[in-house]
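K.L.:
Below is the file start-v6.cif, which contains mmCIF, C-alpha atoms.
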data_query
#
loop_
_atom_site.group_PDB
_atom_site.id
_atom_site.type_symbol
_atom_site.label_atom_id
_atom_site.label_comp_id
_atom_site.auth_asym_id
_atom_site.auth_seq_id
_atom_site.Cartn_x
_atom_site.Cartn_y
_atom_site.Cartn_z
ATOM 1 C CA MET S 28 106.612 97.444 77.891
ATOM 2 C CA GLU S 29 106.315 94.580 75.382
ATOM 3 C CA GLU S 30 103.596 93.025 77.552
ATOM 4 C CA ASN S 31 101.529 96.227 77.386
ATOM 5 C CA GLN S 32 102.015 96.459 73.634
ATOM 6 C CA GLU S 33 100.811 92.871 73.151
ATOM 7 C CA LYS S 34 97.805 93.565 75.383
ATOM 8 C CA ASN S 35 96.922 96.663 73.334
ATOM 9 C CA ILE S 36 97.118 94.677 70.104
ATOM 10 C CA VAL S 37 94.899 91.866 71.413
ATOM 11 C CA ASN S 38 92.324 94.399 72.591
ATOM 12 C CA LYS S 39 92.130 96.276 69.281
ATOM 13 C CA VAL S 40 89.291 95.585 66.840
ATOM 14 C CA VAL S 41 89.847 96.205 63.138
ATOM 15 C CA VAL S 42 87.230 96.164 60.364
ATOM 16 C CA VAL S 43 88.494 95.719 56.796
ATOM 17 C CA THR S 44 86.088 96.186 53.886
ATOM 18 C CA GLY S 45 86.826 94.215 50.731
ATOM 19 C CA GLY S 46 89.113 92.037 52.819
ATOM 20 C CA ALA S 47 88.864 88.714 51.024
ATOM 21 C CA ARG S 48 91.336 89.312 48.201
ATOM 22 C CA GLY S 49 94.292 91.428 47.117
ATOM 23 C CA ILE S 50 95.488 94.252 49.348
ATOM 24 C CA GLY S 51 92.556 93.784 51.726
ATOM 25 C CA ALA S 52 93.329 90.117 52.342
ATOM 26 C CA GLU S 53 96.990 90.893 52.972
ATOM 27 C CA ILE S 54 96.022 93.548 55.525
ATOM 28 C CA VAL S 55 93.651 91.115 57.266
ATOM 29 C CA LYS S 56 96.251 88.344 57.472
ATOM 30 C CA PHE S 57 99.079 90.658 58.499
ATOM 31 C CA LEU S 58 97.111 92.218 61.367
ATOM 32 C CA ALA S 59 95.496 88.969 62.513
ATOM 33 C CA LYS S 60 98.894 87.271 62.759
ATOM 34 C CA LEU S 61 100.010 90.116 65.018
ATOM 35 C CA GLY S 62 97.058 89.407 67.298
ATOM 36 C CA TYR S 63 94.463 92.003 66.301
ATOM 37 C CA LYS S 64 90.801 90.990 66.257
ATOM 38 C CA VAL S 65 89.777 91.456 62.616
ATOM 39 C CA VAL S 66 86.380 91.568 60.940
ATOM 40 C CA LEU S 67 86.796 90.716 57.271
ATOM 41 C CA ASN S 68 84.050 92.104 55.054
ATOM 42 C CA TYR S 69 83.394 90.514 51.683
ATOM 43 C CA ASN S 70 80.641 90.732 49.086
ATOM 44 C CA LYS S 71 81.158 88.207 46.280
ATOM 45 C CA SER S 72 84.367 86.413 47.320
ATOM 46 C CA GLU S 73 82.961 84.086 49.981
ATOM 47 C CA SER S 74 85.308 81.168 49.298
ATOM 48 C CA TYR S 75 88.355 83.438 49.683
ATOM 49 C CA ALA S 76 86.941 84.874 52.915
ATOM 50 C CA GLN S 77 86.295 81.396 54.299
ATOM 51 C CA ASP S 78 89.877 80.371 53.485
ATOM 52 C CA VAL S 79 91.248 83.322 55.472
ATOM 53 C CA LYS S 80 88.962 82.526 58.414
ATOM 54 C CA LYS S 81 90.091 78.883 58.443
ATOM 55 C CA GLU S 82 93.717 80.018 58.503
ATOM 56 C CA LEU S 83 93.318 82.513 61.370
ATOM 57 C CA ASN S 84 91.079 81.977 64.389
ATOM 58 C CA ASN S 85 90.908 85.679 65.333
ATOM 59 C CA VAL S 86 89.182 86.646 62.056
ATOM 60 C CA GLU S 87 85.408 86.971 61.717
ATOM 61 C CA ILE S 88 83.835 87.283 58.271
ATOM 62 C CA PHE S 89 80.743 89.251 57.326
ATOM 63 C CA LYS S 90 79.031 89.468 53.940
ATOM 64 C CA ALA S 91 77.879 92.953 52.954
ATOM 65 C CA ASP S 92 77.737 95.102 49.847
ATOM 66 C CA VAL S 93 79.138 98.197 51.536
ATOM 67 C CA SER S 94 78.159 100.381 48.576
ATOM 68 C CA LYS S 95 74.656 100.151 50.072
ATOM 69 C CA LYS S 96 73.931 102.096 53.255
ATOM 70 C CA GLU S 97 71.888 99.403 55.001
ATOM 71 C CA GLU S 98 74.504 96.701 54.420
ATOM 72 C CA ALA S 99 77.386 98.969 55.431
ATOM 73 C CA ASN S 100 75.542 99.788 58.640
ATOM 74 C CA ALA S 101 74.932 96.083 59.259
ATOM 75 C CA LEU S 102 78.670 95.387 58.980
ATOM 76 C CA ILE S 103 79.567 98.048 61.544
ATOM 77 C CA ASP S 104 76.739 96.929 63.849
ATOM 78 C CA PHE S 105 77.998 93.330 63.641
ATOM 79 C CA ALA S 106 81.508 94.342 64.703
ATOM 80 C CA ILE S 107 80.245 96.427 67.621
ATOM 81 C CA LYS S 108 77.868 93.713 68.834
ATOM 82 C CA LYS S 109 80.627 91.109 68.548
ATOM 83 C CA TYR S 110 83.417 93.058 70.224
ATOM 84 C CA GLY S 111 81.778 96.101 71.821
ATOM 85 C CA LYS S 112 83.784 98.627 69.808
ATOM 86 C CA ILE S 113 85.689 99.442 66.631
ATOM 87 C CA ASP S 114 89.226 100.775 67.009
ATOM 88 C CA VAL S 115 90.223 100.812 63.341
ATOM 89 C CA LEU S 116 88.173 100.985 60.147
ATOM 90 C CA ILE S 117 89.987 100.266 56.903
ATOM 91 C CA ASN S 118 87.947 101.320 53.870
ATOM 92 C CA ASN S 119 89.504 99.105 51.228
ATOM 93 C CA ALA S 120 86.532 97.953 49.116
ATOM 94 C CA GLY S 121 86.977 99.062 45.540
ATOM 95 C CA ILE S 122 86.630 98.255 41.869
ATOM 96 C CA ALA S 123 88.531 99.526 38.836
ATOM 97 C CA GLN S 124 87.715 99.958 35.183
ATOM 98 C CA THR S 125 89.712 100.842 32.079
ATOM 99 C CA LYS S 126 87.539 102.557 29.500
ATOM 100 C CA LEU S 127 87.529 105.578 27.211
ATOM 101 C CA PHE S 128 85.768 108.496 28.873
ATOM 102 C CA THR S 129 83.196 108.698 26.053
ATOM 103 C CA GLU S 130 82.303 105.037 26.595
ATOM 104 C CA ILE S 131 81.668 105.233 30.359
ATOM 105 C CA THR S 132 77.994 104.490 30.951
ATOM 106 C CA ASP S 133 75.824 105.958 33.700
ATOM 107 C CA GLU S 134 75.849 102.521 35.339
ATOM 108 C CA ASP S 135 79.668 102.294 35.146
ATOM 109 C CA TRP S 136 80.022 105.687 36.804
ATOM 110 C CA LYS S 137 77.483 104.897 39.536
ATOM 111 C CA ASN S 138 79.035 101.504 40.338
ATOM 112 C CA ILE S 139 82.513 102.946 40.784
ATOM 113 C CA ILE S 140 81.417 105.958 42.838
ATOM 114 C CA ASP S 141 79.140 103.781 44.999
ATOM 115 C CA THR S 142 81.788 101.110 45.609
ATOM 116 C CA ASN S 143 84.911 103.243 45.952
ATOM 117 C CA LEU S 144 83.562 106.408 47.578
ATOM 118 C CA ASN S 145 80.092 105.943 49.021
ATOM 119 C CA SER S 146 81.128 102.756 50.828
ATOM 120 C CA ALA S 147 83.776 104.720 52.731
ATOM 121 C CA PHE S 148 81.191 107.369 53.589
ATOM 122 C CA TYR S 149 78.594 104.877 54.837
ATOM 123 C CA CYS S 150 81.024 102.758 56.866
ATOM 124 C CA SER S 151 82.845 105.735 58.343
ATOM 125 C CA ARG S 152 79.661 107.554 59.314
ATOM 126 C CA GLU S 153 78.410 104.539 61.241
ATOM 127 C CA ALA S 154 81.763 103.628 62.812
ATOM 128 C CA VAL S 155 82.503 107.195 63.900
ATOM 129 C CA LYS S 156 79.518 107.155 66.266
ATOM 130 C CA ASN S 157 81.227 104.418 68.273
ATOM 131 C CA MET S 158 84.654 106.045 67.998
ATOM 132 C CA ILE S 159 83.371 109.408 69.256
ATOM 133 C CA HIS S 160 81.745 107.627 72.196
ATOM 134 C CA ASN S 161 85.081 105.972 72.989
ATOM 135 C CA LYS S 162 87.065 109.190 72.289
ATOM 136 C CA SER S 163 89.469 107.181 70.166
ATOM 137 C CA GLY S 164 89.693 105.695 66.694
ATOM 138 C CA LEU S 165 91.454 105.418 63.363
ATOM 139 C CA ILE S 166 90.110 105.391 59.819
ATOM 140 C CA ILE S 167 92.399 104.351 56.978
ATOM 141 C CA ASN S 168 91.126 104.836 53.428
ATOM 142 C CA ILE S 169 92.834 102.906 50.644
ATOM 143 C CA SER S 170 93.218 105.385 47.799
ATOM 144 C CA SER S 171 95.449 105.160 44.698
ATOM 145 C CA ILE S 172 98.254 106.903 42.878
ATOM 146 C CA TRP S 173 95.598 107.751 40.266
ATOM 147 C CA GLY S 174 93.691 109.751 42.865
ATOM 148 C CA ILE S 175 96.728 112.041 42.968
ATOM 149 C CA THR S 176 97.838 112.160 39.328
ATOM 150 C CA GLY S 177 94.799 110.925 37.381
ATOM 151 C CA ALA S 178 95.007 108.145 34.787
ATOM 152 C CA SER S 179 94.044 108.162 31.134
ATOM 153 C CA CYS S 180 91.156 105.790 30.428
ATOM 154 C CA GLU S 181 90.458 105.541 34.166
ATOM 155 C CA VAL S 182 88.531 108.752 34.706
ATOM 156 C CA ALA S 183 85.813 107.274 36.918
ATOM 157 C CA TYR S 184 88.308 105.373 39.078
ATOM 158 C CA SER S 185 90.658 108.363 39.350
ATOM 159 C CA THR S 186 87.757 110.616 40.313
ATOM 160 C CA SER S 187 86.589 108.249 43.044
ATOM 161 C CA LYS S 188 90.076 108.051 44.557
ATOM 162 C CA ALA S 189 90.667 111.810 44.329
ATOM 163 C CA ALA S 190 87.399 112.223 46.219
ATOM 164 C CA ILE S 191 88.634 109.752 48.853
ATOM 165 C CA ASN S 192 91.682 111.952 49.357
ATOM 166 C CA GLY S 193 89.524 115.031 49.911
ATOM 167 C CA PHE S 194 87.227 113.049 52.193
ATOM 168 C CA THR S 195 90.252 111.952 54.228
ATOM 169 C CA LYS S 196 91.686 115.433 54.709
ATOM 170 C CA ALA S 197 88.381 117.065 55.603
ATOM 171 C CA LEU S 198 87.267 114.315 57.983
ATOM 172 C CA ALA S 199 90.642 114.349 59.750
ATOM 173 C CA LYS S 200 90.171 118.027 60.606
ATOM 174 C CA GLU S 201 86.655 117.456 61.882
ATOM 175 C CA LEU S 202 87.421 114.384 63.984
ATOM 176 C CA GLY S 203 90.821 115.396 65.345
ATOM 177 C CA PRO S 204 89.344 117.023 68.495
ATOM 178 C CA SER S 205 87.636 113.677 69.237
ATOM 179 C CA ASN S 206 91.010 111.892 69.144
ATOM 180 C CA ILE S 207 90.094 110.129 65.888
ATOM 181 C CA ARG S 208 92.742 110.030 63.185
ATOM 182 C CA VAL S 209 91.938 109.725 59.473
ATOM 183 C CA ASN S 210 94.556 108.906 56.835
ATOM 184 C CA ALA S 211 94.737 107.435 53.355
ATOM 185 C CA ILE S 212 97.255 105.163 51.692
ATOM 186 C CA ALA S 213 97.705 105.716 47.958
ATOM 187 C CA PRO S 214 99.406 102.645 46.433
ATOM 188 C CA GLY S 215 101.132 102.702 43.092
ATOM 189 C CA ILE S 216 101.113 99.574 40.933
ATOM 190 C CA ILE S 217 100.721 96.610 43.286
ATOM 191 C CA ASN S 218 100.905 92.940 42.373
ATOM 192 C CA THR S 219 97.210 92.050 42.723
ATOM 193 C CA ALA S 220 94.454 90.616 40.532
ATOM 194 C CA MET S 221 93.198 94.171 39.932
ATOM 195 C CA ASN S 222 96.297 94.791 37.793
ATOM 196 C CA SER S 223 96.345 91.383 36.110
ATOM 197 C CA TYR S 224 95.080 92.936 32.871
ATOM 198 C CA LEU S 225 98.506 94.514 32.312
ATOM 199 C CA SER S 226 100.654 92.673 29.786
ATOM 200 C CA GLU S 227 104.290 91.719 30.444
ATOM 201 C CA ASP S 228 105.437 94.527 28.148
ATOM 202 C CA GLU S 229 103.231 97.037 29.966
ATOM 203 C CA LEU S 230 104.588 95.916 33.333
ATOM 204 C CA LYS S 231 108.144 96.135 31.998
ATOM 205 C CA ASN S 232 107.550 99.702 30.798
ATOM 206 C CA ILE S 233 106.026 100.670 34.150
ATOM 207 C CA LYS S 234 108.983 99.199 36.057
ATOM 208 C CA GLU S 235 111.337 101.299 33.937
ATOM 209 C CA GLU S 236 109.477 104.434 35.075
ATOM 210 C CA ILE S 237 109.687 103.512 38.766
ATOM 211 C CA PRO S 238 112.932 104.519 40.508
ATOM 212 C CA LEU S 239 112.988 101.276 42.546
ATOM 213 C CA GLU S 240 112.414 99.367 39.275
ATOM 214 C CA LYS S 241 109.846 96.977 40.699
ATOM 215 C CA ILE S 242 106.125 96.482 41.277
ATOM 216 C CA GLY S 243 104.846 96.812 44.835
ATOM 217 C CA ASP S 244 103.605 93.930 46.964
ATOM 218 C CA PRO S 245 100.401 93.917 49.055
ATOM 219 C CA VAL S 246 102.497 93.438 52.191
ATOM 220 C CA ASP S 247 104.031 96.879 51.583
ATOM 221 C CA ILE S 248 100.577 98.360 52.147
ATOM 222 C CA ALA S 249 99.891 96.124 55.158
ATOM 223 C CA LYS S 250 103.108 97.317 56.819
ATOM 224 C CA CYS S 251 102.005 100.934 56.397
ATOM 225 C CA VAL S 252 98.633 100.089 57.941
ATOM 226 C CA LYS S 253 100.439 98.558 60.930
ATOM 227 C CA TRP S 254 102.512 101.715 61.366
ATOM 228 C CA LEU S 255 99.452 103.968 61.207
ATOM 229 C CA ILE S 256 97.718 101.881 63.871
ATOM 230 C CA GLU S 257 100.747 102.106 66.159
ATOM 231 C CA ASP S 258 101.238 105.830 65.530
ATOM 232 C CA ASN S 259 99.305 108.457 67.489
ATOM 233 C CA TYR S 260 100.117 111.764 65.795
ATOM 234 C CA THR S 261 99.617 111.284 62.041
ATOM 235 C CA THR S 262 96.311 112.430 60.603
ATOM 236 C CA GLY S 263 94.955 113.984 57.420
ATOM 237 C CA GLN S 264 97.760 112.479 55.336
ATOM 238 C CA ILE S 265 97.742 110.786 51.929
ATOM 239 C CA ILE S 266 100.672 108.388 52.137
ATOM 240 C CA SER S 267 102.033 107.399 48.730
ATOM 241 C CA ILE S 268 103.609 103.960 48.459
ATOM 242 C CA ASN S 269 104.716 103.742 44.857
ATOM 243 C CA GLY S 270 108.451 103.015 44.664
ATOM 244 C CA GLY S 271 109.177 106.664 43.920
ATOM 245 C CA TRP S 272 107.004 106.698 40.792
ATOM 246 C CA ILE S 273 105.663 110.045 41.974
ATOM 247 C CA CYS S 274 107.169 112.120 44.787
#
Since I need it in another form, could you write the structure as structure tokens?
P.N.:
Amino acid sequence: MEENQEKNIVNKVVVVTGGARGIGAEIVKFLAKLGYKVVLNYNKSESYAQDVKKELNNVEIFKADVSKKEEANALIDFAIKKYGKIDVLINNAGIAQTKLFTEITDEDWKNIIDTNLNSAFYCSREAVKNMIHNKSGLIINISSIWGITGASCEVAYSTSKAAINGFTKALAKELGPSNIRVNAIAPGIINTAMNSYLSEDELKNIKEEIPLEKIGDPVDIAKCVKWLIEDNYTTGQIISINGGWIC
């Protein structure tokens, strides 16, 4: 039984967008150490991507701005040419911004929607062709607690993540008959560079609001990804990992 499980892991190909830093990097490392073949996508963080590749010999890296259709397609094509298939696509690429709604520029709005939402659309659309052919696949979209509750001064970011949640639920219904599962993970406050702008007092106040009284770790998200890969009956779900901050 264990032998078969190990064989299944080794044969699975995972693509992670925005995989050079933060939650994405933790997912890449966690899965690669288990034996999965992982394609790490990066855009600007080449040195971080190279460091991960040096550490793990079953990780391939590929530069692409997945907010652009042609580059997203190139990433998926690379993975398929390299390994012949894609078993799991993890749409993790994302950017955040804290700004008053009245100060959000057209460019700000476009950048966030392109990076956080359109990238998932482009990558999924291309990957699904291969998954449908293989009658098997899994898409995991990394959303956010703010996609569920909304956040003051993060309207563009919250909107992009709320859209990801809708995208997840609708796509799951459409692809279910093809044996393709689609889920999203909505982290709360996680200890990454994206949240480094928070002061110690702000973090302290947030911890006091969280029932578990602590900030999440990227590995908490990676463990959920592992479970979703191993599962075969969960689809269309937005899984909140937030220490009980919202239930």
K.L.:
Run the PyMOL selection byres ((chain S and resi 119) around 6) against the file shown and list the residues it catches, as a PDB file with C-alpha atoms, in the frame of the given file.
P.N.:
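Writing the result to selection_23.pdb gives the following:
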ATOM      1  CA  THR S  44      86.088  96.186  53.886  1.00  0.00           C
ATOM      2  CA  GLY S  45      86.826  94.215  50.731  1.00  0.00           C
ATOM      3  CA  ILE S 117      89.987 100.266  56.903  1.00  0.00           C
ATOM      4  CA  ASN S 118      87.947 101.320  53.870  1.00  0.00           C
ATOM      5  CA  ALA S 120      86.532  97.953  49.116  1.00  0.00           C
ATOM      6  CA  ILE S 169      92.834 102.906  50.644  1.00  0.00           C
TER       7      ILE S 169
END
K.L.:
List the residues sitting within 12 Å of (88.1, 106.0, 28.7) in the file's frame, using only C-alpha atoms, as a list in words.
P.N.:
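The residues near that point, listed by chain and number, are Gln124, Thr125, Lys126, Leu127, Phe128, Thr129, Glu130, Ile131, Thr132, Asp135, Trp136, Ala178, Ser179, Cys180, Glu181, Val182, Ala183, Tyr184 and Ser185 of chain S.
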K.L.:
CA of Thr176 in chain S and CA of Val252 in chain S, how far apart in Å?
P.N.:
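Separation between CA of Val252 in chain S and CA of Thr176 in chain S: 22.2 Å.
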K.L.:
I want to know what sits within 7 Å of Ala211 in chain S, based on only C-alpha atoms, with residues of the same chain fewer than 2 positions away left out; could you give that as a list of chain:residue names?
P.N.:
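Counting only C-alpha atoms, the residues come to S:Ile167, S:Asn168, S:Ile169, S:Ser170, S:Asn192, S:Thr195, S:Ala213, S:Gln264, S:Ile265, S:Ile266.
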K.L.:
Using only C-alpha atoms, which of S:Leu202, S:Ile207, S:Ile191, S:Ile139 sits nearest Ile113 in chain S?
P.N.:
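Result for the nearest residue to Ile113 in chain S: S:Ile207.
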K.L.:
Report as JSON lines the residues of range 103-211 of chain S within 8 Å of range 35-40 of chain S, each with its shortest atom pair and distance in Å (one decimal), using all atoms listed in the file, ordered by chain and increasing residue number.
P.N.:
{"residue": "S:Tyr110", "atom": "CA", "partner": "S:Val40", "partner_atom": "CA", "distance": 7.2}
{"residue": "S:Lys112", "atom": "CA", "partner": "S:Val40", "partner_atom": "CA", "distance": 7.0}
{"residue": "S:Ile113", "atom": "CA", "partner": "S:Val40", "partner_atom": "CA", "distance": 5.3}
{"residue": "S:Asp114", "atom": "CA", "partner": "S:Val40", "partner_atom": "CA", "distance": 5.2}
{"residue": "S:Val115", "atom": "CA", "partner": "S:Val40", "partner_atom": "CA", "distance": 6.4}
K.L.:
Please write the residues from the selection above to a file, keeping C-alpha atoms, as a compact mmCIF listing (two decimals), keeping the file's coordinate frame.
P.N.:
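Dumped everything to again-v4.txt:
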# COMPACT_ATOMS: atom_id res chain seq x y z
CA TYR S 110 83.42 93.06 70.22
CA LYS S 112 83.78 98.63 69.81
CA ILE S 113 85.69 99.44 66.63
CA ASP S 114 89.23 100.78 67.01
CA VAL S 115 90.22 100.81 63.34
K.L.:
Could you tell me how far CA of Lys196 in chain S lies from CA of Ala154 in chain S, in Å and to one decimal?
P.N.:
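Separation of CA of Lys196 in chain S and CA of Ala154 in chain S: 17.4 Å.
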K.L.:
Please write range 210-234 of chain S of the preceding block to a file containing N, CA and C atoms, as a PDB file, in the first residue's frame?
P.N.:
ATOM      1  N   ASN S 210     -10.645  23.573  -5.989  1.00  0.00           N
ATOM      2  CA  ASN S 210     -10.864  24.095  -4.637  1.00  0.00           C
ATOM      3  C   ASN S 210     -10.026  25.346  -4.425  1.00  0.00           C
ATOM      4  N   ALA S 211     -10.357  26.076  -3.382  1.00  0.00           N
ATOM      5  CA  ALA S 211      -9.558  27.248  -3.007  1.00  0.00           C
ATOM      6  C   ALA S 211      -9.213  27.164  -1.533  1.00  0.00           C
ATOM      7  N   ILE S 212      -8.050  27.695  -1.201  1.00  0.00           N
ATOM      8  CA  ILE S 212      -7.644  27.840   0.196  1.00  0.00           C
ATOM      9  C   ILE S 212      -7.612  29.331   0.498  1.00  0.00           C
ATOM     10  N   ALA S 213      -8.294  29.720   1.559  1.00  0.00           N
ATOM     11  CA  ALA S 213      -8.388  31.140   1.931  1.00  0.00           C
ATOM     12  C   ALA S 213      -7.648  31.363   3.251  1.00  0.00           C
ATOM     13  N   PRO S 214      -6.344  31.684   3.186  1.00  0.00           N
ATOM     14  CA  PRO S 214      -5.585  31.904   4.423  1.00  0.00           C
ATOM     15  C   PRO S 214      -6.024  33.182   5.142  1.00  0.00           C
ATOM     16  N   GLY S 215      -5.834  33.146   6.459  1.00  0.00           N
ATOM     17  CA  GLY S 215      -5.962  34.360   7.246  1.00  0.00           C
ATOM     18  C   GLY S 215      -4.629  35.099   7.220  1.00  0.00           C
ATOM     19  N   ILE S 216      -4.236  35.676   8.337  1.00  0.00           N
ATOM     20  CA  ILE S 216      -2.937  36.353   8.396  1.00  0.00           C
ATOM     21  C   ILE S 216      -1.837  35.302   8.535  1.00  0.00           C
ATOM     22  N   ILE S 217      -0.940  35.281   7.539  1.00  0.00           N
ATOM     23  CA  ILE S 217       0.141  34.301   7.509  1.00  0.00           C
ATOM     24  C   ILE S 217       1.475  35.043   7.584  1.00  0.00           C
ATOM     25  N   ASN S 218       2.419  34.437   8.237  1.00  0.00           N
ATOM     26  CA  ASN S 218       3.730  35.059   8.446  1.00  0.00           C
ATOM     27  C   ASN S 218       4.565  35.028   7.163  1.00  0.00           C
ATOM     28  N   THR S 219       4.290  35.983   6.270  1.00  0.00           N
ATOM     29  CA  THR S 219       5.036  36.108   5.017  1.00  0.00           C
ATOM     30  C   THR S 219       5.415  37.570   4.794  1.00  0.00           C
ATOM     31  N   ALA S 220       6.246  37.798   3.790  1.00  0.00           N
ATOM     32  CA  ALA S 220       6.680  39.160   3.459  1.00  0.00           C
ATOM     33  C   ALA S 220       5.490  40.040   3.065  1.00  0.00           C
ATOM     34  N   MET S 221       4.426  39.429   2.527  1.00  0.00           N
ATOM     35  CA  MET S 221       3.266  40.205   2.108  1.00  0.00           C
ATOM     36  C   MET S 221       2.637  40.954   3.282  1.00  0.00           C
ATOM     37  N   ASN S 222       2.801  40.398   4.493  1.00  0.00           N
ATOM     38  CA  ASN S 222       2.224  41.037   5.684  1.00  0.00           C
ATOM     39  C   ASN S 222       3.273  41.741   6.543  1.00  0.00           C
ATOM     40  N   SER S 223       4.460  41.946   5.974  1.00  0.00           N
ATOM     41  CA  SER S 223       5.539  42.562   6.752  1.00  0.00           C
ATOM     42  C   SER S 223       5.297  44.042   7.053  1.00  0.00           C
ATOM     43  N   TYR S 224       4.313  44.635   6.359  1.00  0.00           N
ATOM     44  CA  TYR S 224       4.011  46.047   6.606  1.00  0.00           C
ATOM     45  C   TYR S 224       3.296  46.251   7.937  1.00  0.00           C
ATOM     46  N   LEU S 225       2.769  45.182   8.518  1.00  0.00           N
ATOM     47  CA  LEU S 225       2.043  45.297   9.785  1.00  0.00           C
ATOM     48  C   LEU S 225       3.017  45.553  10.931  1.00  0.00           C
ATOM     49  N   SER S 226       2.682  46.519  11.774  1.00  0.00           N
ATOM     50  CA  SER S 226       3.536  46.830  12.916  1.00  0.00           C
ATOM     51  C   SER S 226       3.333  45.786  14.021  1.00  0.00           C
ATOM     52  N   GLU S 227       4.222  45.806  15.021  1.00  0.00           N
ATOM     53  CA  GLU S 227       4.107  44.858  16.133  1.00  0.00           C
ATOM     54  C   GLU S 227       2.786  45.048  16.870  1.00  0.00           C
ATOM     55  N   ASP S 228       2.377  46.302  17.033  1.00  0.00           N
ATOM     56  CA  ASP S 228       1.103  46.575  17.713  1.00  0.00           C
ATOM     57  C   ASP S 228      -0.075  46.042  16.902  1.00  0.00           C
ATOM     58  N   GLU S 229      -0.004  46.220  15.579  1.00  0.00           N
ATOM     59  CA  GLU S 229      -1.076  45.725  14.713  1.00  0.00           C
ATOM     60  C   GLU S 229      -1.160  44.197  14.779  1.00  0.00           C
ATOM     61  N   LEU S 230      -0.008  43.544  14.753  1.00  0.00           N
ATOM     62  CA  LEU S 230       0.017  42.089  14.845  1.00  0.00           C
ATOM     63  C   LEU S 230      -0.527  41.616  16.191  1.00  0.00           C
ATOM     64  N   LYS S 231      -0.164  42.345  17.246  1.00  0.00           N
ATOM     65  CA  LYS S 231      -0.645  42.003  18.590  1.00  0.00           C
ATOM     66  C   LYS S 231      -2.165  42.107  18.651  1.00  0.00           C
ATOM     67  N   ASN S 232      -2.710  43.171  18.069  1.00  0.00           N
ATOM     68  CA  ASN S 232      -4.168  43.357  18.071  1.00  0.00           C
ATOM     69  C   ASN S 232      -4.867  42.264  17.268  1.00  0.00           C
ATOM     70  N   ILE S 233      -4.248  41.878  16.139  1.00  0.00           N
ATOM     71  CA  ILE S 233      -4.831  40.821  15.310  1.00  0.00           C
ATOM     72  C   ILE S 233      -4.835  39.496  16.071  1.00  0.00           C
ATOM     73  N   LYS S 234      -3.714  39.185  16.727  1.00  0.00           N
ATOM     74  CA  LYS S 234      -3.624  37.940  17.498  1.00  0.00           C
ATOM     75  C   LYS S 234      -4.709  37.867  18.569  1.00  0.00           C
TER      76      LYS S 234
END
